[in-house]
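Colleague: Encoded as structure tokens, here's the structure I'll be asking about.
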Amino acid sequence: MKGKLLILAIFLITFGTLPACIEVNPLHKISQTKSSPIYYKNRAVVLLYHNFKNKECGTAITPDRFEQHLDMLEAEGFKVVSLQEITLFLNGKGTLPPNAVSITMDDGHRSNYTVGYKSLKKRHWPGTVFVLIKNTEEAGTKNDQWLNWEQLRIMSRNNIAIMSHSFNGHQFIKGRYPSGDSWFTTRLPGESQADYQERIYHDLLTARLIMQKKLDLPVESFAPPFGMYNQDVIRAAQKAGYKYIWTTARQAVTSASAPTELPRVSVGRKNTTAQQLKETIIALGQR
Ligand SMILES: [Zn+2]
């Protein structure tokens, strides 16, 4: 007994307090053994959401389902990065963590603030909203369905990048999604090719200039409405000052991805479970 007390006394003198030694080491071991598998490296899967509603419909999902998706990302060891981290990686100026995902929301529904932003902020996660600027310009006067400038400012100061989904190009000239003729990819009746190119360029430039003025931040990314684009759209966007175009191609971003055709996967869909989301991300990350 005397011997044991002597050993304890020597131990305490040498290493300080006993409880600190006991507590720190086991915790460290637990965190090591609980590490998640690495599904993929040097890639990012960019997720696309639209709207959040209490009744699911098309690309509107419930706030609960969004939370379940985020819970899954956290529990399964996915690392949520910003689009900027991805573009730095593309430019060879940064690295991506294993299992990288990014969260984007299209159209600028007010629920992107009341649900999307609030859920991401709780977890200190970044995100991106692609906004239709004409709707934001009219928010609060004609309707309260869309994000207003104050909400965009709050989000942009809190880790949510605000990017362009065009000024007013979210429409079809003929037909409907997915087979119709979209405003961005189709010439109007009697419109010359030059006038068509000028029309889409002017829309994209207007959106970028208004956003930069109101938010005082660079707007480098554009997501074509409905994911529909052609070479004219890419050229017009580049001329209007956008460096990155985010499409809806179901792939992961890799170092070989073209900055003007970056893929995203639409996962904010009715009945999409967290398990299905997990399988989708892993499949795309490993393809
Ligand atoms: Zn859209």
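How things are named: the first chain in the structure tokens is A, the next is B, and so on; residues count from 1 in each chain; ligands count from 1 in the order shown.
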Give the residue list for ligand 1 at 12 Å, counting only C-alpha atoms and all ligand atoms, as a PyMOL selection string, sorted by chain and then by residue number.

Modeller: chain A and resi 48-51+59+104-109+129-133+135+164-172+177+182+222-228+246-248+266

Colleague: Next, dump the selected residues to file, keeping only C-alpha atoms, as an mmCIF file, in the first residue's frame.

Modeller:
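Result written to result-v7.cif:
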data_model
loop_
_atom_site.group_PDB
_atom_site.id
_atom_site.type_symbol
_atom_site.label_atom_id
_atom_site.label_comp_id
_atom_site.auth_asym_id
_atom_site.auth_seq_id
_atom_site.Cartn_x
_atom_site.Cartn_y
_atom_site.Cartn_z
ATOM 1 C CA LEU A 48 -28.760 21.837 -55.345
ATOM 2 C CA TYR A 49 -31.897 22.751 -53.397
ATOM 3 C CA HIS A 50 -34.722 25.116 -54.329
ATOM 4 C CA ASN A 51 -37.555 25.758 -51.922
ATOM 5 C CA THR A 59 -38.383 20.777 -55.840
ATOM 6 C CA THR A 104 -26.492 25.632 -53.089
ATOM 7 C CA MET A 105 -30.057 26.937 -53.405
ATOM 8 C CA ASP A 106 -31.575 28.288 -56.619
ATOM 9 C CA ASP A 107 -34.161 30.980 -57.403
ATOM 10 C CA GLY A 108 -34.101 33.029 -54.200
ATOM 11 C CA HIS A 109 -37.258 31.858 -52.455
ATOM 12 C CA VAL A 129 -27.880 31.151 -53.082
ATOM 13 C CA PHE A 130 -28.367 31.816 -56.817
ATOM 14 C CA VAL A 131 -30.839 34.661 -57.017
ATOM 15 C CA LEU A 132 -33.173 36.071 -59.687
ATOM 16 C CA ILE A 133 -32.489 39.736 -59.229
ATOM 17 C CA ASN A 135 -37.646 39.163 -58.061
ATOM 18 C CA SER A 164 -26.561 35.165 -60.059
ATOM 19 C CA HIS A 165 -29.392 33.117 -61.536
ATOM 20 C CA SER A 166 -29.916 35.942 -64.114
ATOM 21 C CA PHE A 167 -31.879 39.189 -63.893
ATOM 22 C CA ASN A 168 -35.099 38.039 -65.537
ATOM 23 C CA GLY A 169 -34.227 34.990 -67.630
ATOM 24 C CA HIS A 170 -36.122 32.358 -65.647
ATOM 25 C CA GLN A 171 -38.772 31.763 -68.287
ATOM 26 C CA PHE A 172 -39.641 29.853 -71.408
ATOM 27 C CA TYR A 177 -39.316 22.366 -68.612
ATOM 28 C CA SER A 182 -35.828 28.567 -72.631
ATOM 29 C CA PHE A 222 -23.843 32.224 -62.587
ATOM 30 C CA ALA A 223 -26.263 29.292 -62.639
ATOM 31 C CA PRO A 224 -28.304 29.184 -65.888
ATOM 32 C CA PRO A 225 -32.070 28.984 -65.228
ATOM 33 C CA PHE A 226 -33.372 25.389 -65.463
ATOM 34 C CA GLY A 227 -29.758 24.313 -65.994
ATOM 35 C CA MET A 228 -30.299 25.053 -69.716
ATOM 36 C CA TRP A 246 -22.796 26.066 -62.395
ATOM 37 C CA THR A 247 -24.960 23.638 -64.333
ATOM 38 C CA THR A 248 -27.143 20.685 -63.322
ATOM 39 C CA SER A 266 -30.420 18.398 -57.698
#

Colleague: Near A:Thr62, within 10 Å and counting only C-alpha atoms, which residues show up once chain neighbours fewer than 6 positions away are dropped, as a list of chain:residue names?

Modeller: A:Asn51, A:Phe52, A:Lys53, A:Asn54, A:Lys55, A:Glu56, A:Gln68, A:Val115, A:Gly268, A:Arg269, A:Lys270, A:Asn271

Colleague: Kindly export the residues of the current selection with C-alpha atoms, as a PDB file, in the first residue's frame.

Modeller:
ATOM      1  CA  ASN A  51     -37.555  25.758 -51.922  1.00  0.00           C
ATOM      2  CA  PHE A  52     -38.681  24.686 -48.453  1.00  0.00           C
ATOM      3  CA  LYS A  53     -42.379  24.238 -47.705  1.00  0.00           C
ATOM      4  CA  ASN A  54     -44.452  22.362 -45.172  1.00  0.00           C
ATOM      5  CA  LYS A  55     -45.998  20.297 -47.988  1.00  0.00           C
ATOM      6  CA  GLU A  56     -43.524  18.726 -50.407  1.00  0.00           C
ATOM      7  CA  GLN A  68     -32.417  15.162 -41.937  1.00  0.00           C
ATOM      8  CA  VAL A 115     -35.144  27.742 -43.440  1.00  0.00           C
ATOM      9  CA  GLY A 268     -33.858  18.927 -52.871  1.00  0.00           C
ATOM     10  CA  ARG A 269     -36.651  16.838 -54.323  1.00  0.00           C
ATOM     11  CA  LYS A 270     -39.890  15.498 -52.905  1.00  0.00           C
ATOM     12  CA  ASN A 271     -39.405  12.269 -50.918  1.00  0.00           C
TER      13      ASN A 271
END

Colleague: Quick one: everything within 12 Å of A:Gln275, counting only C-alpha atoms, minus sequence neighbours fewer than 5 positions away in the same chain. Send it as an MDAnalysis selection string.

Modeller: chainID A and resid 65 68:73 75:76 267 280:282

Colleague: Quick one: residues within 10 Å of A:Arg153, only C-alpha atoms counted, chain neighbours fewer than 5 positions away excluded, as a list in words?

Modeller: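 So, after excluding close chain neighbours, the residues are Asn148, Asn158, Ile160, Ala161, Ile162, Lys214, Leu215, Asp216 and Leu217 of chain A.
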
Colleague: Based on the backbone DSSP call, show me all residues of stretch 67-216 of chain A assigned helix (DSSP H, G or I), as a ChimeraX atom specification.

Modeller: /A:67-75,83-90,111-122,133-138,149-156,193-215
